[in-house]
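What's in upload_28.csv: CSV, C-alpha atoms
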chain,number,residue,atom,x,y,z
N,1,LYS,CA,3.5,-3.5,-46.7
N,2,SER,CA,5.2,-1.3,-44.2
N,3,LEU,CA,3.8,2.2,-43.5
N,4,PRO,CA,5.6,5.2,-45.0
N,5,ALA,CA,8.2,6.4,-42.6
N,6,VAL,CA,6.5,9.7,-42.1
N,7,CYS,CA,3.4,8.2,-40.6
N,8,ALA,CA,4.6,5.0,-39.0
N,9,PRO,CA,5.7,6.6,-35.7
N,10,GLY,CA,2.3,8.2,-35.2
N,11,ARG,CA,0.5,5.0,-36.1
N,12,ALA,CA,2.8,3.0,-33.7
N,13,HIS,CA,2.0,5.5,-30.9
N,14,ALA,CA,-1.7,5.2,-31.5
N,15,ASP,CA,-1.5,1.4,-31.6
N,16,ALA,CA,0.5,1.4,-28.3
N,17,THR,CA,-2.0,3.7,-26.7
N,18,MET,CA,-4.9,1.5,-27.8
N,19,LEU,CA,-3.1,-1.7,-26.6
N,20,GLY,CA,-2.3,0.1,-23.3
N,21,GLY,CA,-6.0,1.0,-22.8
N,22,VAL,CA,-7.1,-2.6,-23.6
N,23,PHE,CA,-4.7,-4.0,-21.0
N,24,ILE,CA,-5.8,-1.5,-18.4
N,25,LEU,CA,-9.4,-2.5,-19.0
N,26,PHE,CA,-8.5,-6.2,-19.0
N,27,PHE,CA,-6.4,-6.1,-15.8
N,28,GLY,CA,-8.9,-3.9,-14.1
N,29,LEU,CA,-11.7,-6.3,-14.9
N,30,ILE,CA,-9.7,-9.3,-13.7
N,31,PHE,CA,-8.8,-7.4,-10.5
N,32,PHE,CA,-12.3,-6.2,-9.8
N,33,LEU,CA,-14.1,-9.4,-10.7
N,34,SER,CA,-11.7,-11.5,-8.7
N,35,GLY,CA,-12.0,-9.0,-5.9
N,36,LEU,CA,-15.7,-9.3,-5.8
N,37,ILE,CA,-15.3,-13.1,-5.4
N,38,VAL,CA,-12.8,-12.6,-2.6
N,39,ASN,CA,-15.0,-10.0,-0.9
N,40,THR,CA,-17.9,-12.4,-1.0
N,41,ILE,CA,-15.9,-15.1,0.6
N,42,GLN,CA,-14.6,-12.6,3.2
N,43,LEU,CA,-18.2,-11.7,4.0
N,44,LEU,CA,-19.1,-15.4,4.4
N,45,SER,CA,-16.1,-15.8,6.7
N,46,LEU,CA,-17.2,-12.9,8.8
N,47,VAL,CA,-20.7,-14.4,9.2
N,48,VAL,CA,-19.5,-17.9,9.9
N,49,LEU,CA,-16.1,-17.7,11.6
N,50,TRP,CA,-16.1,-14.4,13.5
N,51,PRO,CA,-18.9,-15.4,15.9
N,52,ILE,CA,-17.2,-18.8,16.6
N,53,SER,CA,-13.5,-17.8,16.7
N,54,ARG,CA,-11.9,-14.4,15.9
N,55,ASP,CA,-8.6,-16.1,15.7
N,56,ALA,CA,-9.8,-18.5,13.0
N,57,TYR,CA,-11.4,-15.6,11.1
N,58,ARG,CA,-8.1,-13.5,11.2
N,59,ARG,CA,-5.9,-16.4,10.3
N,60,PHE,CA,-8.1,-17.4,7.4
N,61,ASN,CA,-8.3,-13.9,5.9
N,62,ALA,CA,-4.6,-13.2,6.5
N,63,VAL,CA,-3.8,-16.2,4.2
N,64,PHE,CA,-6.7,-15.9,1.8
N,65,ILE,CA,-6.2,-12.3,0.9
N,66,ASN,CA,-2.9,-13.2,-0.7
N,67,CYS,CA,-4.7,-14.7,-3.7
N,68,HIS,CA,-6.0,-11.2,-4.5
N,69,TRP,CA,-3.5,-8.7,-3.3
N,70,GLN,CA,-0.6,-10.5,-5.0
N,71,GLN,CA,-2.1,-9.2,-8.3
N,72,PHE,CA,-0.7,-5.7,-7.3
N,73,VAL,CA,2.7,-7.3,-6.7
N,74,TRP,CA,2.5,-8.9,-10.1
N,75,LEU,CA,1.7,-5.6,-11.7
N,76,ALA,CA,4.7,-3.9,-10.1
N,77,GLU,CA,7.3,-6.6,-10.6
N,78,TRP,CA,6.2,-8.7,-13.6
N,79,TRP,CA,4.2,-6.4,-15.8
N,80,ALA,CA,5.9,-3.0,-15.1
N,81,GLY,CA,9.3,-4.5,-14.2
N,82,CYS,CA,9.9,-2.2,-11.3
N,83,THR,CA,13.2,-2.5,-9.5
N,84,VAL,CA,13.2,-2.5,-5.7
N,85,LYS,CA,16.5,-2.0,-3.7
N,86,LEU,CA,16.5,-2.6,0.0
N,87,TYR,CA,19.1,-0.7,2.1
N,88,GLY,CA,20.3,-1.0,5.7
N,89,ASP,CA,21.8,-3.6,8.0
N,90,PRO,CA,20.7,-7.1,6.7
N,91,GLN,CA,20.0,-8.1,10.3
N,92,ASP,CA,17.5,-5.3,10.6
N,93,TYR,CA,15.1,-6.8,8.1
N,94,GLU,CA,15.6,-10.5,8.8
N,95,GLY,CA,12.9,-10.4,11.4
N,96,ILE,CA,10.2,-8.8,9.1
N,97,GLY,CA,7.2,-11.1,9.1
N,98,LYS,CA,8.2,-12.8,12.3
N,99,GLU,CA,7.6,-9.9,14.7
N,100,ARG,CA,4.7,-7.7,15.7
N,101,ALA,CA,5.8,-4.3,14.5
N,102,ILE,CA,4.9,-0.7,13.8
N,103,ALA,CA,6.4,0.6,10.6
N,104,LEU,CA,7.0,4.4,10.4
N,105,CYS,CA,7.0,5.4,6.8
N,106,ASN,CA,7.2,8.6,4.8
N,107,HIS,CA,4.4,9.2,2.3
N,108,ARG,CA,5.9,10.6,-0.9
N,109,SER,CA,4.0,9.0,-3.8
N,110,ASP,CA,0.9,7.0,-4.7
N,111,VAL,CA,2.9,3.7,-4.6
N,112,ASP,CA,4.6,3.8,-1.1
N,113,TRP,CA,2.0,1.4,0.2
N,114,LEU,CA,2.3,-0.9,-2.8
N,115,PHE,CA,6.0,-1.4,-2.5
N,116,GLY,CA,5.5,-2.0,1.2
N,117,TRP,CA,3.3,-4.8,0.0
N,118,VAL,CA,6.1,-6.0,-2.3
N,119,LEU,CA,8.4,-6.2,0.7
N,120,ALA,CA,5.7,-7.9,2.8
N,121,GLU,CA,5.0,-10.5,0.1
N,122,LYS,CA,8.7,-11.5,0.1
N,123,LYS,CA,8.5,-12.0,3.9
N,124,ASN,CA,5.2,-13.9,3.7
N,125,CYS,CA,3.3,-11.4,5.8
N,126,LEU,CA,1.2,-9.6,3.2
N,127,GLY,CA,-2.1,-10.5,5.0
N,128,GLY,CA,-0.7,-9.2,8.3
N,129,THR,CA,-0.3,-5.6,7.2
N,130,LYS,CA,-2.5,-3.0,8.9
N,131,CYS,CA,-2.7,0.7,8.2
N,132,MET,CA,-4.3,3.9,9.4
N,133,MET,CA,-6.2,5.5,6.5
N,134,LYS,CA,-8.7,8.2,5.8
N,135,ILE,CA,-12.3,6.9,6.3
N,136,ALA,CA,-13.3,7.4,2.7
N,137,SER,CA,-10.8,4.6,1.7
N,138,GLN,CA,-13.0,1.9,3.1
N,139,TYR,CA,-15.6,2.7,0.5
N,140,LEU,CA,-13.3,2.1,-2.5
N,141,PRO,CA,-14.8,-0.8,-4.5
N,142,VAL,CA,-13.1,-4.1,-3.8
N,143,LEU,CA,-9.8,-2.9,-2.3
N,144,GLY,CA,-11.4,-0.7,0.4
N,145,TRP,CA,-13.8,-3.4,1.3
N,146,SER,CA,-10.9,-5.9,1.7
N,147,TRP,CA,-9.1,-3.4,4.0
N,148,TRP,CA,-12.2,-3.3,6.1
N,149,PHE,CA,-12.4,-7.1,6.4
N,150,LEU,CA,-8.7,-7.1,7.3
N,151,GLU,CA,-9.4,-4.6,10.2
N,152,TYR,CA,-7.5,-1.6,8.9
N,153,VAL,CA,-8.0,1.6,11.0
N,154,PHE,CA,-10.1,4.2,9.3
N,155,LEU,CA,-9.9,7.8,10.5
N,156,LYS,CA,-11.9,11.0,10.1
N,157,ARG,CA,-8.9,13.2,10.8
N,158,LYS,CA,-10.7,14.7,13.8
N,159,TRP,CA,-8.9,13.8,17.0
N,160,ASP,CA,-11.9,13.7,19.3
N,161,THR,CA,-13.5,11.0,17.1
N,162,ASP,CA,-10.3,9.3,15.9
N,163,LYS,CA,-8.9,8.9,19.4
N,164,GLN,CA,-11.6,6.3,20.3
N,165,ARG,CA,-11.4,4.6,17.0
N,166,MET,CA,-7.7,4.1,17.4
N,167,HIS,CA,-7.9,3.0,21.0
N,168,LYS,CA,-10.5,0.3,20.1
N,169,ALA,CA,-8.6,-0.9,17.0
N,170,PHE,CA,-5.2,-1.1,18.7
N,171,GLU,CA,-6.7,-2.8,21.8
N,172,SER,CA,-8.2,-5.4,19.4
N,173,MET,CA,-4.8,-6.0,17.7
N,174,ARG,CA,-3.3,-7.0,21.0
N,175,SER,CA,-5.0,-10.4,20.6
N,176,PHE,CA,-4.1,-10.8,16.9
N,177,PRO,CA,-2.9,-14.4,16.5
N,178,ILE,CA,-0.2,-13.9,13.9
N,179,PRO,CA,2.7,-11.3,13.4
N,180,PHE,CA,1.4,-8.0,11.9
N,181,TRP,CA,2.7,-4.6,10.8
N,182,ILE,CA,0.8,-1.4,11.8
N,183,VAL,CA,1.9,1.0,9.0
N,184,VAL,CA,1.9,4.6,10.3
N,185,PHE,CA,2.4,7.5,7.8
N,186,ALA,CA,3.1,10.0,10.6
N,187,GLU,CA,3.0,12.9,8.2
N,188,GLY,CA,-0.8,12.3,8.1
N,189,THR,CA,-1.1,12.9,4.4
N,190,ARG,CA,0.8,12.6,1.2
N,191,TYR,CA,3.5,15.3,0.5
N,192,THR,CA,2.6,18.3,-1.6
N,193,GLU,CA,4.2,21.7,-2.0
N,194,GLU,CA,1.3,23.4,-0.3
N,195,LYS,CA,1.3,21.1,2.6
N,196,TYR,CA,5.0,21.4,3.0
N,197,ALA,CA,4.8,25.2,3.2
N,198,SER,CA,2.2,24.9,5.9
N,199,SER,CA,4.3,22.4,7.7
N,200,VAL,CA,7.4,24.7,7.6
N,201,ALA,CA,5.3,27.6,8.9
N,202,TYR,CA,4.0,25.5,11.8
N,203,ALA,CA,7.4,24.2,12.7
N,204,LYS,CA,8.9,27.8,12.8
N,205,ALA,CA,6.0,29.1,14.8
N,206,ASN,CA,6.3,26.3,17.4
N,207,ASN,CA,10.1,26.1,17.6
N,208,LEU,CA,10.2,22.6,16.0
N,209,PRO,CA,12.8,21.3,13.5
N,210,VAL,CA,12.2,22.4,9.9
N,211,LEU,CA,12.5,19.4,7.6
N,212,LYS,CA,13.6,19.5,4.0
N,213,HIS,CA,11.9,16.5,2.5
N,214,LEU,CA,9.1,15.6,4.9
N,215,LEU,CA,6.1,17.1,6.5
N,216,LEU,CA,6.3,17.5,10.3
N,217,PRO,CA,5.1,14.2,11.8
N,218,LYS,CA,1.7,14.2,13.6
N,219,THR,CA,2.6,12.0,16.5
N,220,LYS,CA,-0.7,11.3,18.2
N,221,GLY,CA,-1.5,8.2,16.0
N,222,PHE,CA,2.0,6.7,16.6
N,223,VAL,CA,1.8,7.4,20.4
N,224,SER,CA,-1.7,5.7,20.5
N,225,ALA,CA,-0.4,2.7,18.5
N,226,VAL,CA,2.6,2.3,20.9
N,227,GLN,CA,0.8,2.7,24.1
N,228,HIS,CA,-2.1,0.3,23.3
N,229,THR,CA,0.1,-2.4,21.8
N,230,ARG,CA,3.2,-2.0,24.0
N,231,GLU,CA,2.7,-5.3,25.8
N,232,VAL,CA,2.8,-7.3,22.5
N,233,MET,CA,4.8,-5.1,20.2
N,234,ASP,CA,8.3,-6.4,19.4
N,235,VAL,CA,9.8,-3.7,17.2
N,236,VAL,CA,9.5,-0.4,15.3
N,237,TYR,CA,10.7,-0.3,11.7
N,238,ASP,CA,11.8,3.0,10.4
N,239,CYS,CA,11.1,2.6,6.7
N,240,THR,CA,12.1,5.4,4.3
N,241,PHE,CA,11.0,5.4,0.6
N,242,ALA,CA,12.9,7.3,-2.0
N,243,PHE,CA,13.2,7.3,-5.8
N,244,PRO,CA,16.1,8.1,-8.1
N,245,VAL,CA,15.4,11.2,-10.3
N,246,GLY,CA,13.0,10.5,-13.0
N,247,ALA,CA,12.3,6.9,-11.8
N,248,MET,CA,9.3,7.3,-9.6
N,249,PRO,CA,6.7,4.8,-10.6
N,250,THR,CA,2.9,5.5,-10.5
N,251,ILE,CA,-0.2,3.3,-10.6
N,252,ALA,CA,-1.2,4.7,-14.0
N,253,GLY,CA,2.2,4.3,-15.4
N,254,MET,CA,2.6,0.7,-14.2
N,255,LEU,CA,-0.7,-0.2,-15.8
N,256,GLN,CA,0.8,0.9,-19.1
N,257,GLY,CA,3.9,-1.2,-18.4
N,258,LYS,CA,6.1,1.7,-17.3
N,259,GLY,CA,8.4,0.7,-14.5
N,260,GLY,CA,10.7,2.6,-12.2
N,261,GLU,CA,13.1,2.2,-9.3
N,262,VAL,CA,12.2,2.2,-5.6
N,263,HIS,CA,14.7,2.5,-2.8
N,264,ILE,CA,13.6,1.4,0.7
N,265,HIS,CA,15.8,2.0,3.8
N,266,VAL,CA,14.9,-0.1,6.8
N,267,LYS,CA,16.2,0.6,10.4
N,268,ARG,CA,15.1,-1.6,13.2
N,269,HIS,CA,14.4,-0.3,16.7
N,270,ASP,CA,13.6,-2.7,19.5
N,271,ALA,CA,10.4,-1.8,21.3
N,272,SER,CA,12.3,-1.6,24.6
N,273,GLU,CA,14.0,1.6,23.2
N,274,LEU,CA,10.6,3.4,23.4
N,275,PRO,CA,10.1,5.7,26.4
N,276,ALA,CA,7.1,5.3,28.7
N,277,GLU,CA,5.4,8.6,28.7
N,278,ASP,CA,3.3,10.0,25.8
N,279,ALA,CA,5.3,13.2,25.5
N,280,ASP,CA,8.6,11.3,25.4
N,281,VAL,CA,7.2,8.8,22.7
N,282,SER,CA,6.1,11.9,20.7
N,283,GLN,CA,9.6,13.4,20.9
N,284,TRP,CA,11.1,10.0,20.0
N,285,CYS,CA,9.0,10.0,16.8
N,286,ARG,CA,10.1,13.6,15.9
N,287,ASP,CA,13.7,12.8,16.4
N,288,LEU,CA,13.4,9.8,14.2
N,289,TYR,CA,11.9,12.0,11.4
N,290,VAL,CA,14.8,14.3,11.7
N,291,ARG,CA,17.1,11.4,11.0
N,292,LYS,CA,14.8,10.2,8.3
N,293,ASP,CA,15.0,13.7,6.7
N,294,GLU,CA,18.8,13.6,6.8
N,295,ARG,CA,18.7,10.2,5.1
N,296,LEU,CA,16.6,11.6,2.3
N,297,GLU,CA,19.0,14.5,1.9
N,298,PHE,CA,21.8,12.0,1.4
N,299,HIS,CA,19.7,10.2,-1.1
N,300,ARG,CA,18.9,13.4,-3.0
N,301,VAL,CA,22.6,14.2,-3.3
N,302,ASN,CA,23.8,10.6,-4.1
N,303,GLN,CA,20.7,9.0,-5.7
N,304,LYS,CA,21.1,6.2,-3.2
N,305,PHE,CA,21.0,5.6,0.5
N,306,GLU,CA,24.1,5.1,2.6
N,307,GLY,CA,25.2,1.6,3.4
N,308,PRO,CA,24.8,-1.9,2.0
N,309,HIS,CA,21.9,-2.9,-0.2
N,310,PHE,CA,20.5,-5.6,-2.4
N,311,GLU,CA,17.9,-5.9,-5.0
N,312,ILE,CA,14.7,-7.7,-4.1
N,313,LYS,CA,14.1,-10.7,-6.3
N,314,ARG,CA,10.6,-11.3,-7.5
N,315,HIS,CA,8.7,-14.5,-6.6
N,316,TRP,CA,6.7,-16.7,-9.0
N,317,SER,CA,3.6,-16.8,-6.9
N,318,PRO,CA,2.2,-13.4,-8.0
N,319,LEU,CA,2.5,-14.4,-11.7
N,320,LEU,CA,0.8,-17.7,-11.0
N,321,PHE,CA,-2.1,-16.1,-9.2
N,322,GLU,CA,-2.5,-13.6,-12.0
N,323,VAL,CA,-2.5,-16.2,-14.7
N,324,ALA,CA,-5.0,-18.4,-12.7
N,325,TRP,CA,-7.4,-15.6,-12.2
N,326,ALA,CA,-7.1,-14.5,-15.8
N,327,LEU,CA,-7.8,-18.0,-17.1
N,328,LEU,CA,-10.7,-18.7,-14.7
N,329,LEU,CA,-12.5,-15.4,-15.3
N,330,THR,CA,-11.8,-15.3,-19.1
N,331,VAL,CA,-13.1,-18.8,-19.7
N,332,GLY,CA,-16.0,-18.3,-17.3
N,333,SER,CA,-17.0,-15.0,-19.0
N,334,ALA,CA,-16.7,-16.5,-22.5
N,335,TRP,CA,-18.9,-19.4,-21.5
N,336,PHE,CA,-21.5,-17.1,-20.0
N,337,LEU,CA,-21.6,-14.8,-23.0
N,338,HIS,CA,-21.7,-17.6,-25.5
N,339,SER,CA,-24.6,-19.2,-23.6
N,340,ALA,CA,-26.4,-15.9,-23.5
N,341,TRP,CA,-25.9,-15.3,-27.2
N,342,VAL,CA,-27.0,-18.8,-28.3
N,343,ASN,CA,-30.1,-18.7,-26.1
N,344,GLY,CA,-31.0,-15.2,-27.2
N,345,ASN,CA,-30.8,-13.8,-23.7
N,346,THR,CA,-30.3,-10.1,-24.6
N,347,THR,CA,-31.0,-9.1,-21.1
N,348,ALA,CA,-27.9,-10.9,-19.9
N,349,LEU,CA,-25.9,-9.2,-22.7
N,350,TYR,CA,-27.1,-5.7,-21.7
N,351,VAL,CA,-26.4,-6.4,-18.1
N,352,THR,CA,-22.9,-7.5,-18.9
N,353,ALA,CA,-22.3,-4.4,-21.0
N,354,ALA,CA,-23.6,-2.2,-18.1
N,355,VAL,CA,-21.3,-4.1,-15.6
N,356,VAL,CA,-18.3,-3.6,-17.8
N,357,SER,CA,-19.1,0.1,-18.2
N,358,ALA,CA,-19.5,0.5,-14.4
N,359,LEU,CA,-16.3,-1.4,-13.7
N,360,SER,CA,-14.5,0.8,-16.3
N,361,ALA,CA,-15.7,3.9,-14.4
N,362,ALA,CA,-14.6,2.3,-11.1
N,363,ILE,CA,-11.1,1.6,-12.5
N,364,ALA,CA,-10.8,5.2,-13.7
N,365,PHE,CA,-11.9,6.5,-10.3
N,366,ALA,CA,-9.5,4.3,-8.4
N,367,ILE,CA,-6.5,5.4,-10.6
N,368,ASN,CA,-7.4,9.1,-10.1
N,369,TYR,CA,-8.0,8.5,-6.4
N,370,SER,CA,-4.4,7.3,-6.0
N,371,LYS,CA,-2.8,9.6,-8.5
N,372,VAL,CA,0.2,11.7,-7.2
N,373,LYS,CA,0.1,15.4,-7.9
N,374,PRO,CA,2.6,16.8,-10.5
N,375,GLU,CA,4.5,19.1,-8.0
N,376,ILE,CA,5.7,16.0,-6.1
N,377,VAL,CA,7.4,14.7,-9.2
N,378,LYS,CA,8.9,18.2,-9.9
N,379,LYS,CA,10.2,18.4,-6.3
N,380,GLN,CA,12.5,15.4,-6.6
N,381,LYS,CA,14.2,16.8,-9.7
Now that the file is in, can you turn its structure into structure tokens?
Amino acid sequence: KSLPAVCAPGRAHADATMLGGVFILFFGLIFFLSGLIVNTIQLLSLVVLWPISRDAYRRFNAVFINCHWQQFVWLAEWWAGCTVKLYGDPQDYEGIGKERAIALCNHRSDVDWLFGWVLAEKKNCLGGTKCMMKIASQYLPVLGWSWWFLEYVFLKRKWDTDKQRMHKAFESMRSFPIPFWIVVFAEGTRYTEEKYASSVAYAKANNLPVLKHLLLPKTKGFVSAVQHTREVMDVVYDCTFAFPVGAMPTIAGMLQGKGGEVHIHVKRHDASELPAEDADVSQWCRDLYVRKDERLEFHRVNQKFEGPHFEIKRHWSPLLFEVAWALLLTVGSAWFLHSAWVNGNTTALYVTAAVVSALSAAIAFAINYSKVKPEIVKKQK
């Protein structure tokens, strides 16, 4: 029998919430367990391949990591159904994945990086992405470890220390055997109202442009990346992320099947455009962020970027990887638990329960770690 009308909505909401929680746990367990397998193989490749050939190690990991990171692409495109629209001159993004590049991106939400991955996956260069991140990120279970194996650049946000870290990392990338992106969030941190107020005060005090939608760029990291990779760098991509009002996706929302819409504007600058001196490269970056801010103001008014665009079509490979991992780990786990139960191995059952509890806590931590603050959502309305 159907429930009385007066209580059915509440029951339906409770059921939906429970199902959402079950999926988050299931997806999280698949992601973390598969990630541990991938991390183990990455560790083995470090021990075996790195001493013999760094090129072989880098090529292997750039391809191999796809089997894990594509789960995030599946989450965004297949499960949550997010829409991604790409704006700009089509010729500007034809070379993505074929060129060594620096990508200058704004940092508005907790999913900017993920939709950069969506774009990279479409161009078959997901394993070639690099990024400068705060040092605590490398300790994130599974994902942070994979970033470390892929030679991401981890910073303490103290220039005296970070200067040498960046120099060493960028010098190493000069010999990277395949096309790569160095993703630079020049704002240095994710946008918040408090940080924006500090940015405006600093700009006014130092006679710098006051931006409406961005934090003032911190150019030292970009300058370091340019100067240490200049001989091999082909292009700088100016990538601007924006979201229509009320359509900003979040990691937590996507896990619950809630999608959104992401607009990415791409502007290509040939590396030959970059000036030679550090101070001039720094000014070039600031000028670019002024234009990026104007682009975001246009988007705020019109809920779209100016110029031609097309919707990115999803690929089948993320779905196939997700299904393969789910089947492999579900069947393997069922066989293990059945064997433990039949053989009366209570220790194995207790250990399994403890592992599931620990992974559940890790999932909750990872979601909270990436969660965008409420004032960012309010700002775009």
Give me, as a VMD selection string, all polymer residues having an atom no more than 12 Å from Gly221 (chain N), counting all atoms listed in the file and skipping those fewer than 6 positions away in the same chain.
chain N and resid 102 104 131 to 133 153 to 155 157 to 159 162 to 167 169 to 170 182 to 188 227 to 228 278 281 to 282 285
Let's have the selection written as a PDB file, in the frame of the given file, with C-alpha atoms.
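Once everything was written out, this is result.pdb:
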ATOM      1  CA  ILE N 102       4.900  -0.700  13.800  1.00  0.00           C
ATOM      2  CA  LEU N 104       7.000   4.400  10.400  1.00  0.00           C
ATOM      3  CA  CYS N 131      -2.700   0.700   8.200  1.00  0.00           C
ATOM      4  CA  MET N 132      -4.300   3.900   9.400  1.00  0.00           C
ATOM      5  CA  MET N 133      -6.200   5.500   6.500  1.00  0.00           C
ATOM      6  CA  VAL N 153      -8.000   1.600  11.000  1.00  0.00           C
ATOM      7  CA  PHE N 154     -10.100   4.200   9.300  1.00  0.00           C
ATOM      8  CA  LEU N 155      -9.900   7.800  10.500  1.00  0.00           C
ATOM      9  CA  ARG N 157      -8.900  13.200  10.800  1.00  0.00           C
ATOM     10  CA  LYS N 158     -10.700  14.700  13.800  1.00  0.00           C
ATOM     11  CA  TRP N 159      -8.900  13.800  17.000  1.00  0.00           C
ATOM     12  CA  ASP N 162     -10.300   9.300  15.900  1.00  0.00           C
ATOM     13  CA  LYS N 163      -8.900   8.900  19.400  1.00  0.00           C
ATOM     14  CA  GLN N 164     -11.600   6.300  20.300  1.00  0.00           C
ATOM     15  CA  ARG N 165     -11.400   4.600  17.000  1.00  0.00           C
ATOM     16  CA  MET N 166      -7.700   4.100  17.400  1.00  0.00           C
ATOM     17  CA  HIS N 167      -7.900   3.000  21.000  1.00  0.00           C
ATOM     18  CA  ALA N 169      -8.600  -0.900  17.000  1.00  0.00           C
ATOM     19  CA  PHE N 170      -5.200  -1.100  18.700  1.00  0.00           C
ATOM     20  CA  ILE N 182       0.800  -1.400  11.800  1.00  0.00           C
ATOM     21  CA  VAL N 183       1.900   1.000   9.000  1.00  0.00           C
ATOM     22  CA  VAL N 184       1.900   4.600  10.300  1.00  0.00           C
ATOM     23  CA  PHE N 185       2.400   7.500   7.800  1.00  0.00           C
ATOM     24  CA  ALA N 186       3.100  10.000  10.600  1.00  0.00           C
ATOM     25  CA  GLU N 187       3.000  12.900   8.200  1.00  0.00           C
ATOM     26  CA  GLY N 188      -0.800  12.300   8.100  1.00  0.00           C
ATOM     27  CA  GLN N 227       0.800   2.700  24.100  1.00  0.00           C
ATOM     28  CA  HIS N 228      -2.100   0.300  23.300  1.00  0.00           C
ATOM     29  CA  ASP N 278       3.300  10.000  25.800  1.00  0.00           C
ATOM     30  CA  VAL N 281       7.200   8.800  22.700  1.00  0.00           C
ATOM     31  CA  SER N 282       6.100  11.900  20.700  1.00  0.00           C
ATOM     32  CA  CYS N 285       9.000  10.000  16.800  1.00  0.00           C
TER      33      CYS N 285
END
Item to complete: Using all atoms listed in the file, give me every residue within 10 Å of (-6.0, -3.4, -16.9) in file coordinates, as a list in words.
Response: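 Counting all atoms listed in the file, I find these residues within 10 Å of (-6.0, -3.4, -16.9): Gly20, Gly21, Val22, Phe23, Ile24, Leu25, Phe26, Phe27, Gly28, Leu29, Ile30, Phe31, Phe32, Leu75, Ala252, Met254, Leu255, Gln256, Ser360 and Ile363 of chain N.
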Selection above as a file: C-alpha atoms, as a compact mmCIF listing (two decimals), in the coordinates of the input:
# COMPACT_ATOMS: atom_id res chain seq x y z
CA GLY N 20 -2.30 0.10 -23.30
CA GLY N 21 -6.00 1.00 -22.80
CA VAL N 22 -7.10 -2.60 -23.60
CA PHE N 23 -4.70 -4.00 -21.00
CA ILE N 24 -5.80 -1.50 -18.40
CA LEU N 25 -9.40 -2.50 -19.00
CA PHE N 26 -8.50 -6.20 -19.00
CA PHE N 27 -6.40 -6.10 -15.80
CA GLY N 28 -8.90 -3.90 -14.10
CA LEU N 29 -11.70 -6.30 -14.90
CA ILE N 30 -9.70 -9.30 -13.70
CA PHE N 31 -8.80 -7.40 -10.50
CA PHE N 32 -12.30 -6.20 -9.80
CA LEU N 75 1.70 -5.60 -11.70
CA ALA N 252 -1.20 4.70 -14.00
CA MET N 254 2.60 0.70 -14.20
CA LEU N 255 -0.70 -0.20 -15.80
CA GLN N 256 0.80 0.90 -19.10
CA SER N 360 -14.50 0.80 -16.30
CA ILE N 363 -11.10 1.60 -12.50
(message) Neighbouring residues of region 94-98 of chain N were defined as those with any atom within 10 Å, considering all atoms listed in the file; residues of the same chain fewer than 5 positions away were excluded. Please report them as number ranges by chain.
(response) N: 89, 119-126, 128-129, 178-181, 234-235, 237, 268
Written file, previous selection with C-alpha atoms, as a PDB file, keeping the file's coordinate frame:
ATOM      1  CA  ASP N  89      21.800  -3.600   8.000  1.00  0.00           C
ATOM      2  CA  LEU N 119       8.400  -6.200   0.700  1.00  0.00           C
ATOM      3  CA  ALA N 120       5.700  -7.900   2.800  1.00  0.00           C
ATOM      4  CA  GLU N 121       5.000 -10.500   0.100  1.00  0.00           C
ATOM      5  CA  LYS N 122       8.700 -11.500   0.100  1.00  0.00           C
ATOM      6  CA  LYS N 123       8.500 -12.000   3.900  1.00  0.00           C
ATOM      7  CA  ASN N 124       5.200 -13.900   3.700  1.00  0.00           C
ATOM      8  CA  CYS N 125       3.300 -11.400   5.800  1.00  0.00           C
ATOM      9  CA  LEU N 126       1.200  -9.600   3.200  1.00  0.00           C
ATOM     10  CA  GLY N 128      -0.700  -9.200   8.300  1.00  0.00           C
ATOM     11  CA  THR N 129      -0.300  -5.600   7.200  1.00  0.00           C
ATOM     12  CA  ILE N 178      -0.200 -13.900  13.900  1.00  0.00           C
ATOM     13  CA  PRO N 179       2.700 -11.300  13.400  1.00  0.00           C
ATOM     14  CA  PHE N 180       1.400  -8.000  11.900  1.00  0.00           C
ATOM     15  CA  TRP N 181       2.700  -4.600  10.800  1.00  0.00           C
ATOM     16  CA  ASP N 234       8.300  -6.400  19.400  1.00  0.00           C
ATOM     17  CA  VAL N 235       9.800  -3.700  17.200  1.00  0.00           C
ATOM     18  CA  TYR N 237      10.700  -0.300  11.700  1.00  0.00           C
ATOM     19  CA  ARG N 268      15.100  -1.600  13.200  1.00  0.00           C
TER      20      ARG N 268
END
Could you pull the residues within 9 Å of Glu297 (chain N), counting only C-alpha atoms, minus those fewer than 5 positions along the same chain, as a VMD selection string? chain N and resid 212 to 213 292 302
In Å and to one decimal, CA of Glu311 (chain N) is distant from CA of Thr83 (chain N) by 7.3 Å
Nearest to Ile41 (chain N), restricted to all atoms listed in the file and choosing among N:Leu140, N:Tyr57, N:Arg190, N:Gly127, comes out as N:Tyr57
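The spacing separating CA of Phe222 (chain N) from CA of Ile135 (chain N) amounts to 17.6 Å.
Note that the spacing between CA of Asp270 (chain N) and CA of Phe115 (chain N) amounts to 23.3 Å.
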**OP:** Would you mind telling me which residue in N:Met173, N:Val84, N:Leu114, N:Met248 lies nearest to Arg54 (chain N) when using all atoms listed in the file?
**Re:**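 Result for the nearest residue to Arg54 (chain N): N:Met173.
Taking only C-alpha atoms into account, those protein, DNA and RNA residues with any atom at most 9 Å away from (16.8, 18.0, 3.5) amount to Leu211, Lys212, His213, Leu214, Asp293, Glu294, Arg295, Leu296, Glu297, Phe298 and Arg300 of chain N.
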